[in-house]
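> This is protein-v6.cif (mmCIF, C-alpha atoms and all ligand atoms).
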```
data_data
#
loop_
_atom_site.label_atom_id
_atom_site.label_comp_id
_atom_site.auth_asym_id
_atom_site.auth_seq_id
_atom_site.Cartn_x
_atom_site.Cartn_y
_atom_site.Cartn_z
CA MET A 10 102.57 116.83 78.29
CA ARG A 11 101.30 113.37 79.04
CA VAL A 12 100.64 112.07 82.53
CA VAL A 13 100.57 108.30 83.03
CA SER A 14 100.11 106.36 86.27
CA GLY A 15 98.87 103.01 87.49
CA ILE A 16 97.55 101.28 90.57
CA LYS A 17 97.46 97.59 91.44
CA PRO A 18 94.07 95.93 91.90
CA THR A 19 94.92 94.62 95.35
CA GLY A 20 91.55 94.92 97.06
CA ASN A 21 90.24 98.14 98.39
CA LEU A 22 91.88 101.45 97.88
CA HIS A 23 93.29 102.74 101.16
CA LEU A 24 94.09 106.20 102.41
CA GLY A 25 97.77 105.79 101.47
CA ASN A 26 97.01 105.17 97.79
CA TYR A 27 94.28 107.77 97.82
CA LEU A 28 96.28 110.64 99.34
CA GLY A 29 99.63 109.51 97.90
CA ALA A 30 98.41 109.05 94.34
CA VAL A 31 94.76 109.10 93.33
CA LYS A 32 93.93 112.53 94.75
CA GLN A 33 96.77 113.92 92.60
CA TRP A 34 95.48 112.02 89.58
CA VAL A 35 92.15 113.79 89.90
CA ALA A 36 93.77 117.20 90.37
CA MET A 37 96.02 116.62 87.35
CA GLN A 38 93.08 115.74 85.20
CA ASP A 39 92.11 119.42 85.44
CA GLN A 40 95.55 121.02 85.52
CA ILE A 41 97.15 119.06 82.72
CA GLN A 42 94.17 119.19 80.44
CA ALA A 43 93.90 122.94 80.94
CA GLN A 44 97.42 123.07 79.50
CA GLY A 45 96.47 120.93 76.53
CA GLY A 46 98.02 117.73 77.94
CA GLU A 47 96.59 114.25 78.41
CA THR A 48 96.03 112.04 81.46
CA MET A 49 96.12 108.24 81.33
CA TYR A 50 95.42 106.06 84.32
CA PHE A 51 95.37 102.29 84.44
CA ILE A 52 94.72 99.36 86.71
CA ALA A 53 98.00 97.43 86.84
CA ASP A 54 96.37 93.99 86.72
CA LEU A 55 99.49 92.39 85.21
CA HIS A 56 101.47 93.67 88.18
CA GLY A 57 98.73 92.20 90.35
CA LEU A 58 99.84 88.73 89.23
CA THR A 59 103.33 89.04 90.72
CA GLU A 60 102.06 87.77 94.08
CA PHE A 61 99.52 84.97 93.84
CA ILE A 62 95.92 86.09 93.83
CA ALA A 63 92.85 83.93 93.19
CA PRO A 64 91.52 84.65 89.66
CA ALA A 65 88.02 85.59 90.79
CA GLU A 66 89.49 87.96 93.34
CA LEU A 67 91.70 89.65 90.76
CA THR A 68 88.70 90.20 88.48
CA ALA A 69 86.56 91.57 91.30
CA ASN A 70 89.36 93.83 92.52
CA THR A 71 89.90 95.24 89.04
CA ILE A 72 86.23 96.15 88.72
CA GLU A 73 86.14 97.54 92.23
CA MET A 74 89.28 99.64 91.77
CA THR A 75 87.85 101.08 88.57
CA ALA A 76 84.62 102.02 90.36
CA THR A 77 86.65 103.64 93.13
CA LEU A 78 88.72 105.69 90.70
CA VAL A 79 85.62 106.91 88.92
CA ALA A 80 83.93 107.66 92.25
CA ALA A 81 87.04 109.57 93.38
CA GLY A 82 86.76 111.81 90.32
CA ILE A 83 88.60 110.19 87.40
CA ASP A 84 86.33 110.95 84.46
CA PRO A 85 86.60 108.27 81.74
CA GLU A 86 85.49 110.82 79.17
CA ARG A 87 88.43 113.07 79.99
CA SER A 88 91.15 110.66 81.07
CA ILE A 89 92.05 107.40 79.36
CA LEU A 90 91.14 104.80 82.00
CA PHE A 91 91.95 101.15 81.24
CA ASN A 92 93.36 97.89 82.51
CA GLN A 93 96.89 96.95 81.48
CA ALA A 94 96.04 93.39 80.36
CA ARG A 95 93.80 94.72 77.58
CA VAL A 96 96.74 96.52 76.01
CA PRO A 97 99.18 93.72 75.06
CA ALA A 98 101.86 96.24 74.05
CA HIS A 99 102.70 96.65 77.77
CA SER A 100 103.84 93.01 77.99
CA GLU A 101 105.49 93.10 74.59
CA LEU A 102 107.53 96.22 75.32
CA ALA A 103 108.44 94.80 78.75
CA TRP A 104 110.03 91.81 76.99
CA LEU A 105 112.07 94.08 74.76
CA LEU A 106 113.17 96.16 77.76
CA ASN A 107 114.14 93.00 79.67
CA ASN A 108 117.06 92.82 77.30
CA VAL A 109 118.11 96.37 78.07
CA ALA A 110 117.74 96.33 81.87
CA ARG A 111 120.65 94.79 83.78
CA VAL A 112 120.37 92.17 86.52
CA GLY A 113 122.52 94.42 88.73
CA TRP A 114 119.96 97.21 88.39
CA LEU A 115 117.07 94.99 89.44
CA ASN A 116 119.09 93.60 92.33
CA ARG A 117 119.12 97.08 93.85
CA MET A 118 115.32 97.46 93.91
CA THR A 119 114.22 97.82 97.52
CA GLN A 120 110.59 96.89 96.85
CA PHE A 121 111.65 93.45 95.62
CA LYS A 122 113.83 92.96 98.68
CA ASP A 123 110.97 94.02 100.97
CA LYS A 124 108.34 91.90 99.26
CA ALA A 125 110.43 88.80 98.71
CA GLY A 126 111.79 89.01 102.24
CA LYS A 127 113.90 86.04 103.26
CA ASN A 128 112.32 83.76 100.70
CA ARG A 129 113.96 85.22 97.58
CA GLU A 130 114.31 81.84 95.91
CA GLY A 131 110.58 81.35 96.27
CA ALA A 132 109.56 84.76 94.84
CA SER A 133 108.05 84.79 91.36
CA VAL A 134 110.17 85.90 88.41
CA GLY A 135 107.37 88.42 87.80
CA LEU A 136 107.97 90.05 91.17
CA TYR A 137 111.64 90.45 90.28
CA ASP A 138 110.84 91.79 86.82
CA TYR A 139 108.05 94.05 88.10
CA PRO A 140 110.01 97.31 87.57
CA VAL A 141 110.71 96.49 83.92
CA LEU A 142 107.01 96.10 83.18
CA MET A 143 106.49 99.36 85.02
CA ALA A 144 109.11 101.02 82.79
CA ALA A 145 107.22 99.70 79.77
CA ASP A 146 103.97 101.15 81.16
CA VAL A 147 105.29 104.68 81.08
CA LEU A 148 107.74 104.56 78.14
CA LEU A 149 105.09 103.11 75.87
CA TYR A 150 103.20 106.39 76.01
CA ASN A 151 106.21 108.68 76.27
CA ALA A 152 104.86 109.85 79.59
CA THR A 153 106.33 113.17 80.63
CA HIS A 154 105.06 113.03 84.22
CA VAL A 155 104.25 110.11 86.47
CA PRO A 156 102.42 110.92 89.72
CA VAL A 157 103.35 108.31 92.35
CA GLY A 158 104.05 107.95 96.06
CA GLU A 159 107.58 108.10 97.39
CA ASP A 160 107.87 104.28 97.38
CA GLN A 161 107.76 104.16 93.58
CA LYS A 162 110.50 106.70 92.99
CA GLN A 163 113.24 104.11 92.64
CA HIS A 164 111.23 102.25 90.00
CA LEU A 165 110.88 105.43 87.97
CA GLU A 166 114.57 106.12 88.18
CA LEU A 167 115.07 102.66 86.76
CA ALA A 168 112.65 103.47 83.93
CA ARG A 169 114.79 106.50 83.11
CA ASP A 170 117.96 104.36 83.11
CA ILE A 171 116.32 101.82 80.82
CA ALA A 172 115.14 104.54 78.43
CA THR A 173 118.60 106.13 78.34
CA LYS A 174 120.32 102.81 77.65
CA PHE A 175 117.80 101.84 74.99
CA ASN A 176 118.29 105.17 73.21
CA ALA A 177 122.08 104.80 73.41
CA ASP A 178 122.29 101.10 72.44
CA TYR A 179 119.97 101.46 69.47
CA ASP A 180 121.03 104.94 68.46
CA SER A 181 117.50 106.15 68.84
CA ASP A 182 115.61 109.01 70.42
CA LEU A 183 112.45 106.96 70.80
CA PHE A 184 111.98 107.24 74.54
CA SER A 185 111.75 110.45 76.51
CA LEU A 186 112.62 110.42 80.20
CA PRO A 187 109.60 110.42 82.53
CA GLU A 188 109.64 112.72 85.56
CA PRO A 189 108.23 111.29 88.81
CA LEU A 190 105.78 113.66 90.51
CA ILE A 191 105.70 113.09 94.22
CA SER A 192 103.05 115.09 95.97
CA ALA A 193 104.41 117.39 98.64
CA ALA A 194 101.00 117.23 100.31
CA ALA A 195 101.24 113.52 101.10
CA PRO A 196 104.59 111.99 100.30
CA ARG A 197 104.11 108.94 102.47
CA ILE A 198 101.15 107.90 104.57
CA MET A 199 102.15 105.60 107.38
CA SER A 200 100.34 102.84 109.27
CA LEU A 201 98.02 104.04 112.05
CA ARG A 202 99.49 101.41 114.39
CA ASP A 203 103.19 101.84 113.63
CA ALA A 204 104.29 105.06 111.95
CA THR A 205 107.62 103.56 110.92
CA ALA A 206 105.84 101.30 108.36
CA LYS A 207 103.95 102.63 105.35
CA MET A 208 100.19 102.22 105.24
CA SER A 209 99.81 99.12 103.16
CA LYS A 210 97.31 96.44 102.35
CA SER A 211 99.88 93.81 103.29
CA ASN A 212 99.87 94.96 106.92
CA PRO A 213 97.99 92.26 108.87
CA SER A 214 96.36 94.73 111.30
CA GLU A 215 92.96 95.99 110.10
CA GLN A 216 93.37 98.98 112.42
CA SER A 217 96.53 100.07 110.59
CA LEU A 218 94.82 101.25 107.43
CA VAL A 219 91.70 103.17 106.51
CA LYS A 220 89.99 101.74 103.45
CA LEU A 221 87.81 103.79 101.18
CA ILE A 222 85.09 101.17 101.59
CA ASP A 223 85.04 101.48 105.41
CA SER A 224 81.78 102.68 107.01
CA ASP A 225 81.66 106.06 108.74
CA GLU A 226 81.82 104.33 112.11
CA VAL A 227 84.85 102.24 111.15
CA ILE A 228 86.73 105.25 109.74
CA ALA A 229 86.08 107.28 112.88
CA ASP A 230 87.00 104.37 115.13
CA LYS A 231 90.31 103.74 113.36
CA PHE A 232 91.34 107.36 113.80
CA ARG A 233 90.18 107.47 117.41
CA LYS A 234 92.27 104.37 118.14
CA ALA A 235 95.29 105.44 116.06
CA LYS A 236 98.52 105.17 118.00
CA THR A 237 99.76 108.51 119.37
CA ASP A 238 101.82 109.88 122.24
CA PRO A 239 100.62 111.66 125.39
CA ASP A 240 102.24 115.03 124.53
CA LEU A 241 100.46 118.16 123.38
CA LEU A 242 100.78 119.36 119.79
CA PRO A 243 103.61 121.88 119.36
CA ALA A 244 103.60 125.09 117.34
CA THR A 245 105.96 124.05 114.54
CA MET A 246 106.50 120.97 112.37
CA GLU A 247 110.18 120.79 113.41
CA GLU A 248 109.09 120.08 116.97
CA LEU A 249 107.36 116.94 115.71
CA ASP A 250 110.72 115.32 114.97
CA GLY A 251 110.90 112.04 116.85
CA ARG A 252 107.08 111.82 117.00
CA PRO A 253 106.29 109.86 113.84
CA GLU A 254 102.70 108.99 114.81
CA ALA A 255 101.85 112.63 115.48
CA ARG A 256 103.50 113.71 112.25
CA ASN A 257 101.60 111.08 110.26
CA LEU A 258 98.21 112.18 111.61
CA LEU A 259 99.06 115.80 110.90
CA THR A 260 100.05 114.87 107.36
CA ILE A 261 96.79 113.02 106.83
CA PHE A 262 94.70 115.89 108.21
CA ALA A 263 96.48 118.44 106.02
CA ALA A 264 96.18 116.33 102.87
CA LEU A 265 92.48 115.65 103.42
CA ALA A 266 91.80 119.33 104.12
CA ASP A 267 94.01 120.65 101.29
CA ARG A 268 95.91 122.72 103.83
CA SER A 269 99.59 122.82 104.75
CA PRO A 270 100.63 120.73 107.80
CA GLN A 271 101.97 123.91 109.44
CA ASP A 272 98.62 125.64 109.02
CA VAL A 273 96.81 122.72 110.64
CA LEU A 274 99.37 122.59 113.43
CA SER A 275 98.85 126.28 114.20
CA GLU A 276 95.16 125.56 114.74
CA PHE A 277 95.83 122.71 117.18
CA ALA A 278 99.03 123.95 118.88
CA GLY A 279 98.85 123.41 122.64
CA LYS A 280 96.01 120.91 122.35
CA GLY A 281 96.21 117.16 122.89
CA PHE A 282 95.16 114.26 120.70
CA GLY A 283 91.89 114.15 122.63
CA ALA A 284 90.93 117.25 120.63
CA PHE A 285 92.79 116.48 117.42
CA LYS A 286 91.66 112.93 116.75
CA PRO A 287 87.89 113.57 116.77
CA ALA A 288 88.42 116.51 114.39
CA LEU A 289 90.48 114.26 112.11
CA ALA A 290 87.84 111.51 112.28
CA ASP A 291 85.09 113.98 111.29
CA LEU A 292 87.15 115.38 108.45
CA ALA A 293 88.00 111.92 107.11
CA VAL A 294 84.37 110.83 107.16
CA ALA A 295 83.28 114.05 105.43
CA LYS A 296 85.84 113.56 102.64
CA LEU A 297 85.70 109.79 102.19
CA ALA A 298 82.02 108.93 102.66
CA PRO A 299 80.85 110.54 99.38
CA ILE A 300 83.48 108.56 97.44
CA ARG A 301 82.43 105.32 99.12
CA ASP A 302 78.74 105.93 98.49
CA GLU A 303 79.32 106.71 94.82
CA MET A 304 81.52 103.63 94.44
CA VAL A 305 78.83 101.39 95.92
CA ARG A 306 76.31 102.91 93.50
CA LEU A 307 78.60 102.33 90.50
CA LEU A 308 79.27 98.72 91.50
CA ASP A 309 75.62 97.99 90.95
CA ASP A 310 76.32 97.88 87.22
CA ARG A 311 79.43 95.81 86.80
CA ALA A 312 79.03 95.54 83.03
CA ALA A 313 79.06 99.34 82.73
CA ILE A 314 82.34 99.48 84.66
CA ASP A 315 83.92 96.87 82.42
CA SER A 316 82.81 98.70 79.33
CA ILE A 317 84.53 101.87 80.61
CA LEU A 318 87.76 99.82 80.76
CA GLU A 319 87.20 98.34 77.32
CA ARG A 320 86.69 101.76 75.74
CA GLY A 321 89.73 103.15 77.55
CA ALA A 322 91.86 100.24 76.34
CA GLU A 323 90.86 100.91 72.76
CA LYS A 324 92.19 104.47 73.04
CA ALA A 325 95.35 103.27 74.83
CA ARG A 326 96.06 100.62 72.16
CA ALA A 327 95.91 103.27 69.45
CA LEU A 328 98.64 105.25 71.25
CA ALA A 329 100.73 102.23 72.26
CA THR A 330 100.99 100.34 68.98
CA PRO A 331 103.15 102.86 67.07
CA THR A 332 105.67 103.10 69.95
CA LEU A 333 105.90 99.35 70.26
CA LYS A 334 106.48 98.96 66.50
CA ALA A 335 109.13 101.68 66.53
CA ALA A 336 110.93 99.95 69.43
CA GLN A 337 110.78 96.58 67.66
CA ARG A 338 112.16 98.05 64.46
CA ALA A 339 114.89 100.00 66.30
CA MET A 340 116.06 96.64 67.67
CA GLY A 341 116.05 95.01 64.25
CA LEU A 342 112.94 92.92 64.66
CA LEU A 343 110.74 92.44 61.61
CA ALA A 344 107.56 93.99 62.96
P1 LIG A 401 100.32 100.55 94.16
O1 LIG A 401 99.05 99.98 93.70
O2 LIG A 401 101.10 99.81 95.18
O3 LIG A 401 100.10 101.99 94.73
C1 LIG A 401 99.42 102.97 93.94
C2 LIG A 401 99.98 104.35 94.26
O4 LIG A 401 99.79 104.65 95.64
C3 LIG A 401 101.01 105.04 96.20
N1 LIG A 401 101.01 104.59 97.61
C4 LIG A 401 101.25 105.39 98.64
N2 LIG A 401 101.50 106.70 98.71
C5 LIG A 401 101.68 107.24 99.94
N3 LIG A 401 101.60 106.52 101.09
C6 LIG A 401 101.34 105.19 101.06
N4 LIG A 401 101.26 104.50 102.19
C7 LIG A 401 101.15 104.56 99.80
N5 LIG A 401 100.87 103.29 99.40
C8 LIG A 401 100.80 103.33 98.06
C9 LIG A 401 102.08 104.36 95.38
O5 LIG A 401 103.30 105.05 95.44
C10 LIG A 401 101.48 104.44 94.00
O6 LIG A 401 101.76 105.68 93.39
N6 LIG A 401 104.02 100.00 90.98
C11 LIG A 401 102.84 100.84 91.19
C12 LIG A 401 101.77 100.59 90.15
C13 LIG A 401 102.25 100.85 88.77
C14 LIG A 401 102.63 102.11 88.23
C15 LIG A 401 103.01 101.84 86.89
C16 LIG A 401 102.65 103.40 88.72
C17 LIG A 401 102.43 99.93 87.80
N7 LIG A 401 102.88 100.52 86.65
C18 LIG A 401 103.45 102.87 86.06
C19 LIG A 401 103.09 104.42 87.89
C20 LIG A 401 103.48 104.15 86.56
C21 LIG A 401 102.36 100.52 92.59
O7 LIG A 401 103.03 99.96 93.38
O8 LIG A 401 101.14 100.87 92.86
#
```
Any chance you could put this one into structure tokens?

Amino acid sequence: MRVVSGIKPTGNLHLGNYLGAVKQWVAMQDQIQAQGGETMYFIADLHGLTEFIAPAELTANTIEMTATLVAAGIDPERSILFNQARVPAHSELAWLLNNVARVGWLNRMTQFKDKAGKNREGASVGLYDYPVLMAADVLLYNATHVPVGEDQKQHLELARDIATKFNADYDSDLFSLPEPLISAAAPRIMSLRDATAKMSKSNPSEQSLVKLIDSDEVIADKFRKAKTDPDLLPATMEELDGRPEARNLLTIFAALADRSPQDVLSEFAGKGFGAFKPALADLAVAKLAPIRDEMVRLLDDRAAIDSILERGAEKARALATPTLKAAQRAMGLLA
């Protein structure tokens, strides 16, 4: 069993990435290793290039994201933690897979459509090719499980299609099919201002997302001001249908508390948001403040953070090189 997942270095980690992905990464570090498996986590800095970012900002974000992951509980002694750019096999395998993936398949990717918006002609080729690099990221290590948020499911299905076609075209059994793992606890965390949009760094409203770097006051304030409705909380989750803001806050509470949404709802049934929001704000501060404080402490020694990445990349390269060579040879390249 090998778990592989990545995160883009786009500024601060937010509650969506944390509950949708990173919290699972930390849990899997224990579960998978107890079963003799391996966990590999990387900063997808090459994916970070697909939308322009100033070089100094990309570097700083990569360091900061690493510190956040370590502060959140990813242990570089137990998981392989690295940045993609230091393992050239990711780019090399992506080129090989570009010749397996079909234009029609990429044209169906909803993330590209969302990100490119109306200006498709002006989007980078990298943004279009993003899912193929992502396929390379997981196939390179023969990942069995890939913990991601709901929004990445389509990309992983594409990775499976690419692996299947590669194996068929080159009469090979090189690639195994990765399984997406989407946490039931937090499938999709939505914006605090508009629960029909996912919580995302690209949302222009600061109030829409809680960042792991936010101060206690800011975290509490964002939850207190989160958009809700005037109704009381019902007794069952079904009764929250048509109340996306309420459902989102319930989901966040449950995920932070490691409880089921129904269990949390039972506690607050019949109460209004005047009671629920302060409890959520307190819970969020209690869970997030220790991560933020540890991250700030780690960022004091930037060189130490970079050396964690360098050591992780060394281990990743050792695993990646044989797969890359096998793929090259299967295709008839002299490698
Ligand atoms: P990124 O950096 O956009 O997001 C990192 C992880 O956080 C999840 N996520 C969310 N989950 C729930 N609610 C949200 N609002 C929310 N926002 C983000 C994402 O689903 C993701 O799991 N393409 C990946 C990075 C990547 C990758 C990979 C992942 C590159 N190569 C290989 C897995 C395997 C991404 O968009 O990450």
> Enter the distance from CA of Arg268 in chain A to CA of Leu90 in chain A, in Å, rounded to one decimal.
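The value is 28.6 Å.
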> Against ligand LIG 401 (chain A), which residues of chain A fall within 7 Å? For each one I want the closest pair of atoms and the distance in Å (one decimal), counting all atoms listed in the file, rows by chain and increasing residue number, as a Markdown table.

```
| residue | atom | partner | partner_atom | distance |
| --- | --- | --- | --- | --- |
| A:Val13 | CA | A:LIG401 | C20 | 6.2 |
| A:Ser14 | CA | A:LIG401 | C19 | 3.9 |
| A:Gly15 | CA | A:LIG401 | C14 | 3.9 |
| A:Ile16 | CA | A:LIG401 | O1 | 3.7 |
| A:Lys17 | CA | A:LIG401 | O1 | 3.7 |
| A:Pro18 | CA | A:LIG401 | O1 | 6.7 |
| A:Thr19 | CA | A:LIG401 | O1 | 7.0 |
| A:Gly25 | CA | A:LIG401 | C6 | 3.6 |
| A:Asn26 | CA | A:LIG401 | O4 | 3.6 |
| A:Tyr27 | CA | A:LIG401 | O4 | 6.7 |
| A:Leu28 | CA | A:LIG401 | C5 | 6.4 |
| A:Gly29 | CA | A:LIG401 | N2 | 3.5 |
| A:Ala30 | CA | A:LIG401 | O4 | 4.8 |
| A:Ala53 | CA | A:LIG401 | C17 | 5.2 |
| A:His56 | CA | A:LIG401 | C17 | 6.3 |
| A:Leu142 | CA | A:LIG401 | N7 | 7.0 |
| A:Met143 | CA | A:LIG401 | N7 | 4.1 |
| A:Ala144 | CA | A:LIG401 | C18 | 6.8 |
| A:Asp146 | CA | A:LIG401 | C18 | 5.2 |
| A:Val147 | CA | A:LIG401 | C18 | 5.6 |
| A:Val155 | CA | A:LIG401 | C19 | 6.0 |
| A:Pro156 | CA | A:LIG401 | O6 | 6.4 |
| A:Val157 | CA | A:LIG401 | O6 | 3.2 |
| A:Gly158 | CA | A:LIG401 | O5 | 3.1 |
| A:Glu159 | CA | A:LIG401 | O5 | 5.6 |
| A:Asp160 | CA | A:LIG401 | O5 | 5.0 |
| A:Gln161 | CA | A:LIG401 | O5 | 4.9 |
| A:Ala195 | CA | A:LIG401 | C5 | 6.4 |
| A:Pro196 | CA | A:LIG401 | C5 | 5.6 |
| A:Arg197 | CA | A:LIG401 | N3 | 3.7 |
| A:Ile198 | CA | A:LIG401 | N3 | 3.8 |
| A:Met199 | CA | A:LIG401 | N4 | 5.4 |
| A:Lys207 | CA | A:LIG401 | N4 | 4.6 |
| A:Met208 | CA | A:LIG401 | N4 | 4.0 |
| A:Ser209 | CA | A:LIG401 | N4 | 5.7 |
```
> Place a sphere of radius 12 Å on (108.9, 89.9, 89.4) in the file coordinates and name every protein, DNA or RNA residue with an atom inside or on its surface, counting all atoms listed in the file; give the answer as an mmCIF file with C-alpha atoms, in the coordinates of the input.

```cif
data_model
loop_
_atom_site.group_PDB
_atom_site.id
_atom_site.type_symbol
_atom_site.label_atom_id
_atom_site.label_comp_id
_atom_site.auth_asym_id
_atom_site.auth_seq_id
_atom_site.Cartn_x
_atom_site.Cartn_y
_atom_site.Cartn_z
ATOM 1 C CA LEU A 55 99.490 92.390 85.210
ATOM 2 C CA HIS A 56 101.470 93.670 88.180
ATOM 3 C CA GLY A 57 98.730 92.200 90.350
ATOM 4 C CA LEU A 58 99.840 88.730 89.230
ATOM 5 C CA THR A 59 103.330 89.040 90.720
ATOM 6 C CA GLU A 60 102.060 87.770 94.080
ATOM 7 C CA PHE A 61 99.520 84.970 93.840
ATOM 8 C CA ALA A 103 108.440 94.800 78.750
ATOM 9 C CA ASN A 107 114.140 93.000 79.670
ATOM 10 C CA LEU A 115 117.070 94.990 89.440
ATOM 11 C CA ASN A 116 119.090 93.600 92.330
ATOM 12 C CA MET A 118 115.320 97.460 93.910
ATOM 13 C CA GLN A 120 110.590 96.890 96.850
ATOM 14 C CA PHE A 121 111.650 93.450 95.620
ATOM 15 C CA LYS A 122 113.830 92.960 98.680
ATOM 16 C CA LYS A 124 108.340 91.900 99.260
ATOM 17 C CA ALA A 125 110.430 88.800 98.710
ATOM 18 C CA ARG A 129 113.960 85.220 97.580
ATOM 19 C CA GLU A 130 114.310 81.840 95.910
ATOM 20 C CA GLY A 131 110.580 81.350 96.270
ATOM 21 C CA ALA A 132 109.560 84.760 94.840
ATOM 22 C CA SER A 133 108.050 84.790 91.360
ATOM 23 C CA VAL A 134 110.170 85.900 88.410
ATOM 24 C CA GLY A 135 107.370 88.420 87.800
ATOM 25 C CA LEU A 136 107.970 90.050 91.170
ATOM 26 C CA TYR A 137 111.640 90.450 90.280
ATOM 27 C CA ASP A 138 110.840 91.790 86.820
ATOM 28 C CA TYR A 139 108.050 94.050 88.100
ATOM 29 C CA PRO A 140 110.010 97.310 87.570
ATOM 30 C CA VAL A 141 110.710 96.490 83.920
ATOM 31 C CA LEU A 142 107.010 96.100 83.180
ATOM 32 C CA MET A 143 106.490 99.360 85.020
#
```
> Hey, can you check how far CA of Lys234 in chain A sits from CA of Leu265 in chain A?
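That distance, rounded to one decimal, is 18.5 Å.
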> Which residues are close to Leu148 in chain A, i.e. within 12 Å by all atoms listed in the file, leaving aside same-chain residues fewer than 5 positions away? Reply as a ChimeraX atom specification.
/A:11-14,98-99,102-103,105-106,141-143,153-155,165,167-173,175-176,182-188,328-329,332-333,336
> So, counting only C-alpha atoms, which residue among A:Gln93, A:Gln163, A:Gln216, A:Gln271 is closest to Gly321 in chain A?
A:Gln93
> At a cut-off of 12 Å, using only C-alpha atoms, what residues contact Arg256 in chain A? Leave out same-chain residues fewer than 2 positions from it and give the result as a PyMOL selection string.
chain A and resi 195+197-201+203-205+236-238+242-243+245-254+258-263+270-271+273-274+282
> Could you please determine the separation between CA of Pro213 in chain A and CA of Gly20 in chain A in Å, to one decimal place?
13.7 Å
> Any idea what's packed within 8 Å of Thr75 in chain A, counting only C-alpha atoms, ignoring anything in its chain fewer than 6 positions away? Could you give it as a compact mmCIF listing (two decimals) with C-alpha atoms, keeping the file's coordinate frame?

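To be explicit, this is the file written out as out-v7.txt:
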```
# COMPACT_ATOMS: atom_id res chain seq x y z
CA ILE A 52 94.72 99.36 86.71
CA ILE A 314 82.34 99.48 84.66
CA LEU A 318 87.76 99.82 80.76
```
> Using all atoms listed in the file, can you tell me which of A:Ile191, A:Ala284, A:Leu342, A:Ile41 comes closest to Met10 in chain A?
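Looking at the shortest contact to Met10 in chain A, the residue is A:Ile41.
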> Which residues are close to Asp310 in chain A, i.e. within 10 Å by all atoms listed in the file, leaving aside same-chain residues fewer than 5 positions away? Reply as a ChimeraX atom specification.
/A:76,305,315
